[in-house]
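**Student:** Sending over data_4.tsv (TSV, C-alpha atoms).
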```tsv
chain	number	residue	atom	x	y	z
A	2	MET	CA	65.18	-9.40	-14.25
A	3	THR	CA	61.75	-10.14	-15.48
A	4	THR	CA	59.37	-7.49	-16.49
A	5	GLU	CA	55.89	-7.98	-15.25
A	6	THR	CA	52.99	-6.32	-16.90
A	7	ILE	CA	50.58	-5.25	-14.27
A	8	PRO	CA	47.13	-4.37	-15.53
A	9	SER	CA	45.98	-0.97	-14.53
A	10	PRO	CA	43.59	-1.22	-11.60
A	11	ARG	CA	39.89	-0.55	-11.99
A	12	SER	CA	40.12	-0.69	-15.73
A	13	SER	CA	36.86	0.25	-17.37
A	14	TYR	CA	36.92	-2.81	-19.59
A	15	THR	CA	33.58	-4.52	-19.94
A	16	PRO	CA	33.03	-7.53	-22.15
A	17	PRO	CA	31.15	-6.72	-25.32
A	18	ARG	CA	27.46	-7.33	-24.81
A	19	LYS	CA	24.84	-8.10	-27.38
A	20	ARG	CA	22.40	-5.24	-27.57
A	21	ARG	CA	18.91	-6.59	-27.03
A	22	VAL	CA	15.57	-4.86	-26.76
A	23	ASN	CA	15.01	-3.97	-23.11
A	24	TRP	CA	11.43	-5.18	-22.82
A	25	GLU	CA	11.20	-4.44	-19.10
A	26	LYS	CA	12.07	-0.81	-19.78
A	27	TRP	CA	9.42	-0.48	-22.49
A	28	GLY	CA	6.88	-2.22	-20.26
A	29	TRP	CA	7.71	0.21	-17.46
A	30	LEU	CA	7.29	3.15	-19.85
A	31	TYR	CA	4.07	1.70	-21.27
A	32	MET	CA	2.48	1.64	-17.79
A	33	ARG	CA	3.09	5.36	-17.37
A	34	ILE	CA	2.12	6.51	-20.87
A	35	SER	CA	-0.98	4.30	-21.12
A	36	GLY	CA	-1.85	5.35	-17.56
A	37	LEU	CA	-2.03	8.99	-18.60
A	38	PHE	CA	-4.31	8.14	-21.55
A	39	LEU	CA	-6.44	5.87	-19.38
A	40	ILE	CA	-7.08	8.64	-16.85
A	41	VAL	CA	-8.79	10.66	-19.61
A	42	LEU	CA	-10.47	7.66	-21.28
A	43	ILE	CA	-11.81	5.99	-18.13
A	44	PHE	CA	-12.95	9.11	-16.28
A	45	GLY	CA	-14.69	10.23	-19.48
A	46	HIS	CA	-16.32	6.80	-19.75
A	47	LEU	CA	-17.36	6.84	-16.10
A	48	PHE	CA	-18.80	10.34	-16.38
A	49	VAL	CA	-20.89	9.61	-19.48
A	50	ASN	CA	-22.12	6.20	-18.22
A	51	LEU	CA	-22.48	6.69	-14.45
A	52	VAL	CA	-22.88	10.43	-13.80
A	53	ALA	CA	-24.42	12.28	-16.77
A	54	GLY	CA	-28.19	12.13	-17.18
A	55	ASN	CA	-29.66	9.25	-15.20
A	56	GLY	CA	-26.29	7.57	-14.63
A	57	VAL	CA	-26.28	3.77	-14.54
A	58	ARG	CA	-30.09	3.71	-14.83
A	59	ALA	CA	-29.94	4.98	-18.43
A	60	ILE	CA	-27.72	2.15	-19.72
A	61	ASP	CA	-29.36	-0.42	-21.98
A	62	PHE	CA	-28.94	-1.76	-25.53
A	63	ALA	CA	-30.31	1.45	-27.09
A	64	PHE	CA	-27.85	3.52	-25.01
A	65	VAL	CA	-24.89	1.48	-26.32
A	66	ALA	CA	-26.23	1.57	-29.89
A	67	GLY	CA	-26.61	5.34	-29.64
A	68	LYS	CA	-23.01	5.73	-28.52
A	69	TRP	CA	-21.59	3.41	-31.18
A	70	ALA	CA	-23.54	5.24	-33.91
A	71	ASP	CA	-20.84	7.88	-33.43
A	72	PRO	CA	-17.29	6.97	-34.61
A	73	PHE	CA	-15.98	9.08	-31.73
A	74	TRP	CA	-17.13	6.52	-29.15
A	75	ILE	CA	-16.01	3.59	-31.32
A	76	VAL	CA	-12.47	4.97	-31.31
A	77	TRP	CA	-12.77	5.88	-27.60
A	78	ASP	CA	-13.91	2.40	-26.57
A	79	THR	CA	-11.36	0.63	-28.79
A	80	LEU	CA	-8.51	2.66	-27.30
A	81	MET	CA	-9.84	2.03	-23.81
A	82	LEU	CA	-10.13	-1.73	-24.42
A	83	TRP	CA	-6.60	-2.14	-25.74
A	84	LEU	CA	-4.80	0.26	-23.42
A	85	ALA	CA	-6.61	-0.84	-20.24
A	86	LEU	CA	-6.39	-4.58	-20.82
A	87	ILE	CA	-2.69	-4.51	-21.73
A	88	HIS	CA	-2.03	-2.15	-18.77
A	89	GLY	CA	-3.88	-4.51	-16.43
A	90	ALA	CA	-2.28	-7.64	-17.86
A	91	ASN	CA	1.21	-6.17	-17.52
A	92	GLY	CA	0.42	-5.20	-13.93
A	93	MET	CA	-0.76	-8.74	-13.20
A	94	ARG	CA	2.42	-10.07	-14.83
A	95	THR	CA	4.46	-7.97	-12.41
A	96	ILE	CA	2.46	-9.26	-9.45
A	97	VAL	CA	2.78	-12.90	-10.58
A	98	ASN	CA	6.55	-12.44	-10.99
A	99	ASP	CA	6.69	-11.02	-7.46
A	100	TYR	CA	4.67	-13.64	-5.62
A	101	ALA	CA	4.61	-16.89	-7.65
A	102	HIS	CA	7.91	-18.48	-6.66
A	103	LYS	CA	7.41	-21.97	-8.08
A	104	PRO	CA	8.43	-21.89	-11.75
A	105	VAL	CA	5.57	-24.15	-12.88
A	106	ILE	CA	2.90	-22.03	-11.17
A	107	ARG	CA	4.50	-18.82	-12.38
A	108	LYS	CA	4.68	-19.97	-15.97
A	109	THR	CA	1.11	-21.28	-15.88
A	110	LEU	CA	-0.21	-17.97	-14.54
A	111	LEU	CA	1.77	-15.93	-17.07
A	112	ILE	CA	0.42	-18.02	-19.93
A	113	ALA	CA	-3.11	-17.69	-18.53
A	114	ILE	CA	-2.73	-13.90	-18.46
A	115	LEU	CA	-1.38	-13.84	-22.01
A	116	VAL	CA	-4.10	-16.11	-23.41
A	117	SER	CA	-6.98	-14.34	-21.62
A	118	THR	CA	-5.67	-10.93	-22.69
A	119	ALA	CA	-5.37	-11.95	-26.35
A	120	ALA	CA	-8.81	-13.59	-26.31
A	121	LEU	CA	-10.56	-10.63	-24.66
A	122	ILE	CA	-8.90	-8.04	-26.92
A	123	LEU	CA	-9.99	-10.07	-29.93
A	124	LEU	CA	-13.51	-10.54	-28.56
A	125	GLY	CA	-13.94	-6.91	-27.56
A	126	THR	CA	-12.62	-5.57	-30.86
A	127	LEU	CA	-14.87	-7.90	-32.84
A	128	VAL	CA	-17.88	-6.84	-30.76
A	129	ILE	CA	-17.22	-3.14	-31.39
A	130	TYR	CA	-16.64	-3.52	-35.15
A	131	THR	CA	-19.33	-6.11	-35.96
A	132	PHE	CA	-21.98	-4.43	-33.81
A	133	ASP	CA	-25.45	-4.28	-35.36
A	134	PRO	CA	-27.60	-1.55	-33.76
A	135	CYS	CA	-30.81	-2.98	-35.30
A	136	PRO	CA	-30.57	-6.78	-35.10
A	137	SER	CA	-33.48	-8.86	-36.44
A	138	ASN	CA	-33.74	-11.01	-33.28
A	139	ALA	CA	-34.67	-8.02	-31.12
A	140	ILE	CA	-37.79	-7.98	-28.97
A	141	ALA	CA	-40.02	-4.94	-29.50
A	142	GLY	CA	-39.04	-1.90	-27.46
A	143	THR	CA	-35.37	-2.78	-27.03
A	144	LEU	CA	-34.02	-1.05	-30.13
A	145	PRO	CA	-32.81	2.53	-30.44
A	146	SER	CA	-35.24	5.00	-32.03
A	147	PHE	CA	-33.26	5.23	-35.28
A	148	CYS	CA	-34.15	1.59	-36.14
A	149	LYS	CA	-37.77	2.41	-37.16
A	150	ALA	CA	-37.25	1.36	-40.79
A	151	GLY	CA	-36.68	-2.26	-39.75
B	19	MET	CA	39.02	-13.00	-4.76
B	20	PRO	CA	39.14	-9.33	-3.94
B	21	GLU	CA	38.57	-9.96	-0.25
B	22	ASN	CA	41.66	-12.14	0.15
B	23	SER	CA	44.00	-9.89	-1.76
B	24	ALA	CA	42.72	-6.81	-0.02
B	25	GLY	CA	43.16	-8.52	3.33
B	26	THR	CA	46.94	-8.60	2.91
B	27	LEU	CA	47.07	-4.91	2.14
B	28	ALA	CA	44.81	-3.42	4.74
B	29	PRO	CA	45.16	-4.31	8.40
B	30	PRO	CA	42.03	-5.73	10.04
B	31	PRO	CA	39.93	-3.08	11.71
B	32	ALA	CA	40.57	-2.66	15.39
B	33	ALA	CA	36.91	-2.80	16.30
B	34	LYS	CA	33.77	-3.67	14.46
B	35	PRO	CA	32.04	-0.55	13.24
B	36	ARG	CA	28.85	0.00	15.14
B	37	ILE	CA	26.11	0.88	12.74
B	38	LYS	CA	22.76	0.64	14.40
B	39	PRO	CA	19.94	-0.79	12.33
B	40	PRO	CA	17.11	1.66	11.71
B	41	ARG	CA	14.46	1.53	14.41
B	42	ARG	CA	11.55	1.38	12.02
B	43	LEU	CA	11.01	0.52	8.39
B	44	ALA	CA	11.32	4.02	7.03
B	45	GLY	CA	13.65	6.29	5.20
B	46	THR	CA	13.39	4.89	1.70
B	47	LEU	CA	10.77	5.49	-0.93
B	48	TYR	CA	9.16	2.06	-0.85
B	49	ARG	CA	9.91	0.79	2.68
B	50	GLY	CA	7.52	1.59	5.49
B	51	LYS	CA	5.06	4.42	5.95
B	52	GLU	CA	3.44	6.36	3.06
B	53	GLY	CA	5.79	5.06	0.37
B	54	MET	CA	4.94	1.44	1.16
B	55	TRP	CA	1.25	1.78	1.90
B	56	SER	CA	0.62	3.80	-1.25
B	57	TRP	CA	2.26	0.95	-3.16
B	58	VAL	CA	0.22	-1.73	-1.34
B	59	LEU	CA	-3.02	0.14	-2.04
B	60	HIS	CA	-1.98	0.62	-5.68
B	61	ARG	CA	-1.59	-3.15	-6.06
B	62	ILE	CA	-4.85	-4.02	-4.33
B	63	THR	CA	-6.89	-1.51	-6.36
B	64	GLY	CA	-5.10	-2.57	-9.54
B	65	ILE	CA	-5.97	-6.25	-9.04
B	66	ALA	CA	-9.61	-5.39	-8.26
B	67	ILE	CA	-9.94	-3.16	-11.33
B	68	TYR	CA	-8.31	-5.83	-13.51
B	69	PHE	CA	-10.82	-8.52	-12.56
B	70	PHE	CA	-13.71	-6.11	-13.02
B	71	LEU	CA	-12.34	-5.27	-16.48
B	72	LEU	CA	-12.35	-8.97	-17.46
B	73	VAL	CA	-16.00	-9.28	-16.42
B	74	HIS	CA	-16.94	-5.94	-17.99
B	75	ILE	CA	-15.57	-6.90	-21.43
B	76	LEU	CA	-17.56	-10.15	-21.26
B	77	ASP	CA	-20.83	-8.51	-20.16
B	78	THR	CA	-20.51	-5.78	-22.81
B	79	SER	CA	-19.92	-8.46	-25.44
B	80	ILE	CA	-23.50	-9.64	-24.86
B	81	VAL	CA	-24.66	-6.64	-26.99
B	82	ARG	CA	-23.67	-8.92	-29.85
B	83	VAL	CA	-26.06	-11.71	-28.70
B	84	SER	CA	-29.35	-9.82	-28.59
B	85	PRO	CA	-30.72	-6.54	-27.18
B	86	GLN	CA	-32.88	-8.35	-24.62
B	87	ALA	CA	-29.93	-10.50	-23.44
B	88	TYR	CA	-27.81	-7.38	-22.94
B	89	ASN	CA	-30.61	-5.53	-21.16
B	90	GLY	CA	-31.04	-8.51	-18.83
B	91	VAL	CA	-27.38	-8.43	-17.86
B	92	ILE	CA	-27.13	-4.66	-17.56
B	93	ASN	CA	-30.22	-4.59	-15.33
B	94	GLU	CA	-28.13	-6.53	-12.80
B	95	TYR	CA	-25.81	-3.53	-12.71
B	96	LYS	CA	-28.75	-1.39	-11.53
B	97	THR	CA	-29.52	-3.42	-8.37
B	98	PRO	CA	-28.57	-1.82	-5.03
B	99	LEU	CA	-25.78	-4.33	-4.38
B	100	MET	CA	-24.17	-3.82	-7.78
B	101	GLY	CA	-24.74	-0.08	-7.46
B	102	LEU	CA	-22.58	-0.11	-4.34
B	103	GLY	CA	-20.12	-2.27	-6.26
B	104	GLU	CA	-19.87	0.46	-8.91
B	105	LEU	CA	-19.25	3.00	-6.17
B	106	ALA	CA	-16.44	0.78	-4.83
B	107	LEU	CA	-15.07	0.44	-8.36
B	108	VAL	CA	-14.99	4.22	-8.86
B	109	ILE	CA	-13.28	4.59	-5.46
B	110	ALA	CA	-10.63	2.04	-6.49
B	111	ILE	CA	-10.12	3.64	-9.93
B	112	GLY	CA	-9.91	7.09	-8.32
B	113	TYR	CA	-7.07	6.01	-6.03
B	114	HIS	CA	-5.25	4.07	-8.75
B	115	ALA	CA	-5.43	7.05	-11.14
B	116	LEU	CA	-4.36	9.68	-8.60
B	117	ASN	CA	-1.54	7.59	-7.14
B	118	GLY	CA	-0.52	6.64	-10.69
B	119	LEU	CA	-0.01	10.34	-11.40
B	120	ARG	CA	2.03	10.56	-8.20
B	121	ILE	CA	4.23	7.65	-9.37
B	122	ILE	CA	4.79	9.37	-12.73
B	123	LEU	CA	5.79	12.60	-10.96
B	124	ILE	CA	8.18	10.66	-8.68
B	125	ASP	CA	9.78	8.85	-11.62
B	126	PHE	CA	10.21	11.74	-14.03
B	127	TRP	CA	10.63	14.78	-11.80
B	128	SER	CA	13.19	15.33	-9.04
B	129	PHE	CA	10.70	17.45	-7.12
B	130	GLY	CA	8.35	14.45	-7.09
B	131	ALA	CA	10.88	12.10	-5.47
B	132	ARG	CA	11.70	14.66	-2.78
B	133	HIS	CA	8.08	15.42	-1.99
B	134	GLN	CA	6.45	12.00	-2.46
B	135	ARG	CA	5.04	12.16	1.07
B	136	LEU	CA	3.39	15.53	0.48
B	137	MET	CA	2.04	14.23	-2.84
B	138	PHE	CA	0.56	11.21	-1.06
B	139	VAL	CA	-1.38	13.57	1.19
B	140	VAL	CA	-2.57	15.46	-1.90
B	141	VAL	CA	-3.61	12.14	-3.49
B	142	ILE	CA	-5.67	11.22	-0.44
B	143	LEU	CA	-7.32	14.66	-0.31
B	144	LEU	CA	-8.22	14.63	-4.03
B	145	TRP	CA	-9.45	11.07	-3.60
B	146	ILE	CA	-11.81	12.16	-0.84
B	147	VAL	CA	-13.07	15.04	-3.03
B	148	LEU	CA	-13.68	12.61	-5.90
B	149	ILE	CA	-15.59	10.17	-3.67
B	150	ALA	CA	-17.62	13.00	-2.16
B	151	GLY	CA	-18.48	14.17	-5.67
B	152	PHE	CA	-19.54	10.80	-7.05
B	153	ALA	CA	-21.11	8.96	-4.10
B	154	PRO	CA	-24.26	11.17	-3.78
B	155	THR	CA	-25.00	10.83	-7.53
B	156	GLN	CA	-24.62	7.07	-7.45
B	157	ILE	CA	-26.60	6.58	-4.24
B	158	HIS	CA	-29.33	8.84	-5.64
B	159	ASN	CA	-29.53	6.68	-8.78
B	160	ILE	CA	-29.58	3.46	-6.73
B	161	ILE	CA	-32.51	4.75	-4.65
B	162	LEU	CA	-34.47	5.99	-7.70
B	163	GLU	CA	-33.95	2.66	-9.45
B	164	ALA	CA	-35.00	0.69	-6.36
B	165	GLN	CA	-38.17	2.81	-6.15
B	166	GLY	CA	-38.97	1.87	-9.74
B	167	HIS	CA	-38.73	5.30	-11.37
B	168	GLU	CA	-38.54	5.47	-15.16
B	169	SER	CA	-35.00	6.12	-16.32
B	170	ALA	CA	-35.43	6.92	-20.01
```
Let me see the structure of the file written as structure tokens.

**Tutor:**
Amino acid sequence: MTTETIPSPRSSYTPPRKRRVNWEKWGWLYMRISGLFLIVLIFGHLFVNLVAGNGVRAIDFAFVAGKWADPFWIVWDTLMLWLALIHGANGMRTIVNDYAHKPVIRKTLLIAILVSTAALILLGTLVIYTFDPCPSNAIAGTLPSFCKAG
Amino acid sequence: MPENSAGTLAPPPAAKPRIKPPRRLAGTLYRGKEGMWSWVLHRITGIAIYFFLLVHILDTSIVRVSPQAYNGVINEYKTPLMGLGELALVIAIGYHALNGLRIILIDFWSFGARHQRLMFVVVILLWIVLIAGFAPTQIHNIILEAQGHESA
């Protein structure tokens, strides 16, 4: 008689798997966490720029210079730039993955999103932190009132 | 081949089970009705906001060129057409924000998944309140600007 070894059915054996960072999970979580911050940041931004005072009519160079004279709005706008653009880019990445079926088109679009996001974050951050409220090339009447010394 | 080995153990069913397909696309969170349309609207508003954001970063960057260049660009934002565009933008952001909160409640809270339909109604109602609150202010500013009133 031969003895057969029969493996137990429905064994819970799973091949060992390399543990990798689950980027999709972190991206999913990022959308929700950044979304909560963006609700505060963007509605605050919209209220100050479009509702308070004269709304959109009050916006000009002096208005921006007045805001960025306060570190509060520098931090606010930097956070908004980074969180919103990455949130939007990740959303567009999801949409491209859903609808762009041809690999070449998909890859091209994903690279375009990545490059434009990096370029605009760099540009926006540089603009905020190299901003000069009293530039020498200004035409009279365009500068904020605190530039009188120049 | 689990199907082959199972076939020798279990006798073939006497008759094919009759499971009727659902009449309409409904019954799951993201298929048909509120669940699907909230998702469609979330995508459309998201894409619109994204492209505005790209333009908005570029136009704001002109503050670094010269005050008069920036003022020239921002004056375009004060025309009636762009004023209505800003109203549309706020409407899109309002939906995306409110429905985004709904998605968070669905994903992290069992109550949210069970009552996603009710929450969609709440989203729409709050959205209408938000639009009703902002639209008069914006239209008022568009009219004053078109009439040439001083803003500063």

**Student:** At a cut-off of 12 Å, using only C-alpha atoms, what residues contact Arg132 of chain B? Leave out same-chain residues fewer than 3 positions from it and give the result as a list in words.

**Tutor:**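 Counting only C-alpha atoms, the residues come to Gly45, Thr46, Leu47, Gly53, Arg120, Leu123, Ile124, Asp125, Phe126, Trp127, Ser128, Phe129, Arg135, Leu136, Met137 and Phe138 of chain B.
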
**Student:** With C-alpha atoms retained, write the just-selected residues as a compact mmCIF listing (two decimals), in the coordinates of the input.

**Tutor:**
```txt
# COMPACT_ATOMS: atom_id res chain seq x y z
CA GLY B 45 13.65 6.29 5.20
CA THR B 46 13.39 4.89 1.70
CA LEU B 47 10.77 5.49 -0.93
CA GLY B 53 5.79 5.06 0.37
CA ARG B 120 2.03 10.56 -8.20
CA LEU B 123 5.79 12.60 -10.96
CA ILE B 124 8.18 10.66 -8.68
CA ASP B 125 9.78 8.85 -11.62
CA PHE B 126 10.21 11.74 -14.03
CA TRP B 127 10.63 14.78 -11.80
CA SER B 128 13.19 15.33 -9.04
CA PHE B 129 10.70 17.45 -7.12
CA ARG B 135 5.04 12.16 1.07
CA LEU B 136 3.39 15.53 0.48
CA MET B 137 2.04 14.23 -2.84
CA PHE B 138 0.56 11.21 -1.06
```

**Student:** Which is closest to chain B among A:Val22, A:Ile7, A:Leu47, A:Ala113, if we use only C-alpha atoms?

**Tutor:**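 Among the listed residues, A:Leu47 lies closest to chain B.
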
**Student:** Residues of chain B within 6 Å of chain A, counting all atoms listed in the file, what are they? List them as a list in words.

**Tutor:**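 For chain B, the answer reads Tyr68, Ser79, Pro85, Asn89 and Ser169 of chain B.
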
**Student:** Work out how far apart atom CA of Leu84 of chain A and atom CA of Ala153 of chain B are and give it in Å to one decimal.

**Tutor:**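 Atom CA of Leu84 of chain A sits 26.7 Å away from atom CA of Ala153 of chain B.
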
**Student:** Quick one: pull the distance between atom CA of Tyr88 of chain B and atom CA of Gly67 of chain A, Å, one decimal.

**Tutor:** 14.4 Å

**Student:** Quick one: pull the distance between atom CA of Glu94 of chain B and atom CA of Arg61 of chain B, Å, one decimal.

**Tutor:**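 A separation of 27.6 Å between them.
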
**Student:** Counting all atoms listed in the file, figure out which residue out of B:Ala131, B:Pro154, B:Ile80, B:Leu71 gets nearest to Trp83 of chain A.

**Tutor:** B:Leu71

**Student:** Please enclose the listed atoms of segment 74-81 of chain B in an axis-aligned box, pad each side by 4 Å, and write out the centre and the three edge lengths in Å, rounded to one decimal, as lines of an AutoDock Vina configuration file.

**Tutor:**
```
center_x = -20.1
center_y = -8.0
center_z = -22.5
size_x = 17.1
size_y = 12.4
size_z = 17.0
```

**Student:** Could you check the closest approach to Ile109 of chain B for each of B:Ile149, B:Met54, B:Ala164, B:Ile65 and tell me which residue wins, using only C-alpha atoms?

**Tutor:**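 The answer is B:Ile149, which sits nearest to Ile109 of chain B.
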
**Student:** Within 9 Å of Ile157 of chain B, counting only C-alpha atoms, which residues show up once you throw out same-chain ones fewer than 5 positions away? Write them as a PyMOL selection string, please.

**Tutor:** chain B and resi 98+101-102+105+152+162

**Student:** So which residues are close to (-6.6, 8.4, -6.6), meaning at most 10 Å away in the file's coordinates with only C-alpha atoms counted, and can you show them as a list in words?

**Tutor:** His60, Thr63, Val108, Ile109, Ala110, Ile111, Gly112, Tyr113, His114, Ala115, Leu116, Asn117, Gly118, Leu119, Arg120, Phe138, Val140, Val141, Ile142, Leu143, Leu144, Trp145, Ile146, Val147, Leu148 and Ile149 of chain B

**Student:** Taking into account all atoms listed in the file, which residue in the set B:Val81, B:Ala87, B:Ile122, B:Ala106 is nearest to Ile67 of chain B?

**Tutor:** B:Ala106

**Student:** Would you mind putting N, CA and C atoms back on segment 61-73 of chain B and writing the result as a tab-separated table (two decimals), keeping the file's coordinate frame?

**Tutor:**
```tsv
chain	number	residue	atom	x	y	z
B	61	ARG	N	-1.48	-1.75	-5.62
B	61	ARG	CA	-1.59	-3.15	-6.06
B	61	ARG	C	-2.99	-3.70	-5.85
B	62	ILE	N	-3.53	-3.47	-4.65
B	62	ILE	CA	-4.85	-4.02	-4.33
B	62	ILE	C	-5.91	-3.45	-5.28
B	63	THR	N	-5.90	-2.11	-5.46
B	63	THR	CA	-6.89	-1.51	-6.36
B	63	THR	C	-6.66	-1.97	-7.79
B	64	GLY	N	-5.41	-2.12	-8.18
B	64	GLY	CA	-5.10	-2.57	-9.54
B	64	GLY	C	-5.66	-3.95	-9.82
B	65	ILE	N	-5.47	-4.88	-8.87
B	65	ILE	CA	-5.97	-6.25	-9.04
B	65	ILE	C	-7.50	-6.23	-9.13
B	66	ALA	N	-8.14	-5.46	-8.26
B	66	ALA	CA	-9.61	-5.39	-8.26
B	66	ALA	C	-10.12	-4.85	-9.58
B	67	ILE	N	-9.50	-3.76	-10.07
B	67	ILE	CA	-9.94	-3.16	-11.33
B	67	ILE	C	-9.73	-4.14	-12.48
B	68	TYR	N	-8.61	-4.87	-12.44
B	68	TYR	CA	-8.31	-5.83	-13.51
B	68	TYR	C	-9.41	-6.89	-13.63
B	69	PHE	N	-9.80	-7.46	-12.49
B	69	PHE	CA	-10.82	-8.52	-12.56
B	69	PHE	C	-12.18	-7.96	-12.96
B	70	PHE	N	-12.47	-6.71	-12.53
B	70	PHE	CA	-13.71	-6.11	-13.02
B	70	PHE	C	-13.65	-5.94	-14.54
B	71	LEU	N	-12.48	-5.51	-15.04
B	71	LEU	CA	-12.34	-5.27	-16.48
B	71	LEU	C	-12.60	-6.55	-17.27
B	72	LEU	N	-12.10	-7.69	-16.78
B	72	LEU	CA	-12.35	-8.97	-17.46
B	72	LEU	C	-13.85	-9.22	-17.57
B	73	VAL	N	-14.55	-9.04	-16.44
B	73	VAL	CA	-16.00	-9.28	-16.42
B	73	VAL	C	-16.71	-8.26	-17.32
```
